[in-house]
Amino acid sequence: MNTIAPQADASSALEPILDRLNKQLAASNGQFCLSVTVDFAAAHQLHGYEGNCARLHGHNWKIIVEVTGQKLDDVGMVIDFKAMKKAARAAAKTLDHQFLNQIEPFDRINPTAEHIAVWFFVELGRMLNQPNARVSAITVWENDYSAVTYRA
Ligand SMILES: Nc1nc2c(c(=O)[nH]1)N=C([C@H](O)[C@H](O)COP(=O)(O)OP(=O)(O)OP(=O)(O)O)CN2
């Protein structure tokens with residue numbers, strides 16, 4: 001269950017307010033969904049695709065990472081945004097300025113937005129998942145108009 005803890009220097013006048021908030025939080029059974037965004041630039045081509053995407057071309061991919069949790073730590077966070085960004089940037093760096101079809105696993109599976117979303121989901125799950133916070137969705141924007149979301 002969530003609890004909103006008072007700061008060490010909080011005035012006692014805050015206690016009834018915190019008490020009410022904590023009761024509402026416990027009753028809501030809600031979840032916190034945090035997100036960070038990173039990007040990378042790379043080239044790819046889609047094998048077996050009939051159309052111009054079969055030709056070598058590039059994108060500036062934008063990746064939105066969502067982490068979901070119910071429980072807050074003593075500071076009042078599910079997980080630090082900084083930890084999420086660090087992990088997401090490290091994963092994106094692996095793909096940045098690469099010809100995706102030449103690097104693992106996209107040398108064996110087409111580097112579609114769907115496969116890229118699953119790749120980030122697995123990589124970031126390994127780095128970020130903990131008992132109270134799990135990577136719950138990855139959205140891959142291939143350009144301003146087309147995106148895919150993989151949701152657990
Ligand atoms: N479900 C998917 N469909 C397509 C993917 C994909 O990863 N998953 N990828 C492509 C190509 O990579 C293509 O470059 C991107 O397609 P699109 O968003 O249509 O971009 P265009 O610049 O080609 O847009 P137009 O509006 O057609 O000019 C294709 N499909």
# chains A, B, ... in the order shown; residues from 1 in each chain; ligands from 1
>>> residues_near_ligand(ligand="ligand 1", cutoff="10 Å", atoms="only C-alpha atoms and all ligand atoms", output="PDB file with C-alpha atoms, in the first residue's frame")
ATOM      1  CA  ALA A  43      19.667   3.575 -40.624  1.00  0.00           C
ATOM      2  CA  HIS A  44      17.727   0.427 -41.498  1.00  0.00           C
ATOM      3  CA  GLN A  45      16.012  -1.473 -44.266  1.00  0.00           C
ATOM      4  CA  LEU A  46      13.103  -3.906 -44.050  1.00  0.00           C
ATOM      5  CA  TYR A  49       8.765  -5.548 -47.375  1.00  0.00           C
ATOM      6  CA  GLU A  50       7.249  -4.435 -50.642  1.00  0.00           C
ATOM      7  CA  GLY A  51       7.800  -0.712 -50.766  1.00  0.00           C
ATOM      8  CA  ASN A  52      10.344   2.010 -50.246  1.00  0.00           C
ATOM      9  CA  CYS A  53      11.164   0.848 -46.690  1.00  0.00           C
ATOM     10  CA  ALA A  54      12.993  -2.100 -48.234  1.00  0.00           C
ATOM     11  CA  ARG A  55      15.604   0.430 -49.342  1.00  0.00           C
ATOM     12  CA  LEU A  56      18.271   1.690 -46.970  1.00  0.00           C
ATOM     13  CA  HIS A  57      16.953   4.782 -45.166  1.00  0.00           C
ATOM     14  CA  GLY A  58      17.225   6.500 -41.796  1.00  0.00           C
ATOM     15  CA  HIS A  59      15.025   7.738 -38.967  1.00  0.00           C
ATOM     16  CA  ASN A 110      13.816  -6.975 -39.220  1.00  0.00           C
ATOM     17  CA  PRO A 111      14.390  -3.667 -37.405  1.00  0.00           C
ATOM     18  CA  THR A 112      10.696  -2.724 -37.461  1.00  0.00           C
ATOM     19  CA  ALA A 113       9.307  -0.329 -34.872  1.00  0.00           C
ATOM     20  CA  GLU A 114       7.620  -3.350 -33.224  1.00  0.00           C
ATOM     21  CA  HIS A 115      10.885  -5.284 -32.865  1.00  0.00           C
ATOM     22  CA  ILE A 116      12.693  -2.190 -31.631  1.00  0.00           C
ATOM     23  CA  ALA A 117       9.978  -1.685 -28.991  1.00  0.00           C
ATOM     24  CA  VAL A 140       8.627   3.819 -30.487  1.00  0.00           C
ATOM     25  CA  TRP A 141       8.017   6.851 -32.705  1.00  0.00           C
ATOM     26  CA  GLU A 142       9.565   6.262 -36.104  1.00  0.00           C
ATOM     27  CA  ASN A 143       8.678   9.760 -37.298  1.00  0.00           C
ATOM     28  CA  ASP A 144       6.169  12.455 -36.310  1.00  0.00           C
ATOM     29  CA  TYR A 145       3.257  10.414 -37.639  1.00  0.00           C
ATOM     30  CA  SER A 146       3.866   6.707 -36.896  1.00  0.00           C
ATOM     31  CA  ALA A 147       4.340   4.992 -33.549  1.00  0.00           C
ATOM     32  CA  VAL A 148       3.927   1.609 -31.932  1.00  0.00           C
TER      33      VAL A 148
END
>>> residues_around(residues="Asn129 in chain A", least_positions_apart="5", cutoff="10 Å", atoms="only C-alpha atoms", output="PyMOL selection string")
chain A and resi 67-68+79+124+134-136
>>> select_by_dssp(residues="range 2-148 of chain A", states="alpha helix (DSSP H)", output="MDAnalysis selection string")
chainID A and resid 15:28 81:95 113:128
>>> write_last_selection(atoms="C-alpha atoms", output="PDB file, in the first residue's frame")
ATOM      1  CA  GLU A  15      -0.805  15.626   9.594  1.00  0.00           C
ATOM      2  CA  PRO A  16      -4.606  15.612   9.038  1.00  0.00           C
ATOM      3  CA  ILE A  17      -4.036  16.433   5.362  1.00  0.00           C
ATOM      4  CA  LEU A  18      -1.477  13.636   4.958  1.00  0.00           C
ATOM      5  CA  ASP A  19      -3.786  11.277   6.801  1.00  0.00           C
ATOM      6  CA  ARG A  20      -6.647  12.069   4.410  1.00  0.00           C
ATOM      7  CA  LEU A  21      -4.387  11.731   1.344  1.00  0.00           C
ATOM      8  CA  ASN A  22      -3.083   8.369   2.520  1.00  0.00           C
ATOM      9  CA  LYS A  23      -6.621   7.067   3.066  1.00  0.00           C
ATOM     10  CA  GLN A  24      -7.596   8.178  -0.449  1.00  0.00           C
ATOM     11  CA  LEU A  25      -4.458   6.572  -1.889  1.00  0.00           C
ATOM     12  CA  ALA A  26      -5.112   3.268  -0.108  1.00  0.00           C
ATOM     13  CA  ALA A  27      -8.726   3.220  -1.300  1.00  0.00           C
ATOM     14  CA  SER A  28      -7.959   4.094  -4.918  1.00  0.00           C
ATOM     15  CA  PHE A  81      13.565   9.640 -13.298  1.00  0.00           C
ATOM     16  CA  LYS A  82      17.356   9.924 -13.386  1.00  0.00           C
ATOM     17  CA  ALA A  83      17.712   6.119 -13.125  1.00  0.00           C
ATOM     18  CA  MET A  84      15.166   5.670 -15.928  1.00  0.00           C
ATOM     19  CA  LYS A  85      16.940   8.181 -18.183  1.00  0.00           C
ATOM     20  CA  LYS A  86      20.356   6.676 -17.495  1.00  0.00           C
ATOM     21  CA  ALA A  87      19.160   3.191 -18.489  1.00  0.00           C
ATOM     22  CA  ALA A  88      17.176   4.415 -21.510  1.00  0.00           C
ATOM     23  CA  ARG A  89      20.097   6.530 -22.757  1.00  0.00           C
ATOM     24  CA  ALA A  90      22.492   3.590 -22.387  1.00  0.00           C
ATOM     25  CA  ALA A  91      20.184   1.357 -24.433  1.00  0.00           C
ATOM     26  CA  ALA A  92      19.625   4.041 -27.086  1.00  0.00           C
ATOM     27  CA  LYS A  93      23.384   4.597 -27.339  1.00  0.00           C
ATOM     28  CA  THR A  94      23.786   0.975 -28.466  1.00  0.00           C
ATOM     29  CA  LEU A  95      21.641   1.743 -31.517  1.00  0.00           C
ATOM     30  CA  ALA A 113       9.307  -0.329 -34.872  1.00  0.00           C
ATOM     31  CA  GLU A 114       7.620  -3.350 -33.224  1.00  0.00           C
ATOM     32  CA  HIS A 115      10.885  -5.284 -32.865  1.00  0.00           C
ATOM     33  CA  ILE A 116      12.693  -2.190 -31.631  1.00  0.00           C
ATOM     34  CA  ALA A 117       9.978  -1.685 -28.991  1.00  0.00           C
ATOM     35  CA  VAL A 118      10.380  -5.260 -27.731  1.00  0.00           C
ATOM     36  CA  TRP A 119      14.160  -4.886 -27.705  1.00  0.00           C
ATOM     37  CA  PHE A 120      13.923  -1.798 -25.471  1.00  0.00           C
ATOM     38  CA  PHE A 121      11.333  -3.554 -23.280  1.00  0.00           C
ATOM     39  CA  VAL A 122      13.675  -6.481 -22.617  1.00  0.00           C
ATOM     40  CA  GLU A 123      16.856  -4.397 -22.224  1.00  0.00           C
ATOM     41  CA  LEU A 124      15.274  -1.861 -19.894  1.00  0.00           C
ATOM     42  CA  GLY A 125      13.386  -4.495 -17.918  1.00  0.00           C
ATOM     43  CA  ARG A 126      16.746  -6.065 -17.162  1.00  0.00           C
ATOM     44  CA  MET A 127      18.139  -2.756 -15.960  1.00  0.00           C
ATOM     45  CA  LEU A 128      15.171  -1.212 -14.168  1.00  0.00           C
TER      46      LEU A 128
END
>>> residues_around(residues="Val65 in chain A", least_positions_apart="6", cutoff="6 Å", atoms="only C-alpha atoms", output="list of chain:residue names")
A:Ser35, A:Val36, A:Ile138
>>> write_last_selection(atoms="N, CA and C atoms", output="mmCIF file, in the first residue's frame")
data_model
loop_
_atom_site.group_PDB
_atom_site.id
_atom_site.type_symbol
_atom_site.label_atom_id
_atom_site.label_comp_id
_atom_site.auth_asym_id
_atom_site.auth_seq_id
_atom_site.Cartn_x
_atom_site.Cartn_y
_atom_site.Cartn_z
ATOM 1 N N SER A 35 7.162 8.238 -17.046
ATOM 2 C CA SER A 35 7.743 8.050 -18.376
ATOM 3 C C SER A 35 8.909 9.001 -18.614
ATOM 4 N N VAL A 36 9.864 8.511 -19.402
ATOM 5 C CA VAL A 36 10.967 9.342 -19.880
ATOM 6 C C VAL A 36 11.102 9.100 -21.382
ATOM 7 N N ILE A 138 6.674 0.416 -23.820
ATOM 8 C CA ILE A 138 7.657 1.147 -24.636
ATOM 9 C C ILE A 138 6.930 1.645 -25.881
#
>>> closest_residue(among="A:Thr139, A:Gln7, A:Ser12, A:Thr149", to="Ile64 in chain A", atoms="only C-alpha atoms")
A:Thr139
>>> closest_residue(among="A:Leu72, A:Leu100, A:Ala13, A:Ile109", to="Cys33 in chain A", atoms="only C-alpha atoms")
A:Leu72
>>> select_by_dssp(residues="range 7-70 of chain A", states="strand (DSSP E or B)", output="ChimeraX atom specification")
/A:32-44,57-69
>>> closest_residue(among="A:Leu14, A:Ala137, A:Ile63, A:Leu34", to="Val78 in chain A", atoms="only C-alpha atoms")
A:Leu34
>>> atom_distance(atom1="CA of Asp107 in chain A", atom2="CA of Ala41 in chain A")
17.4 Å
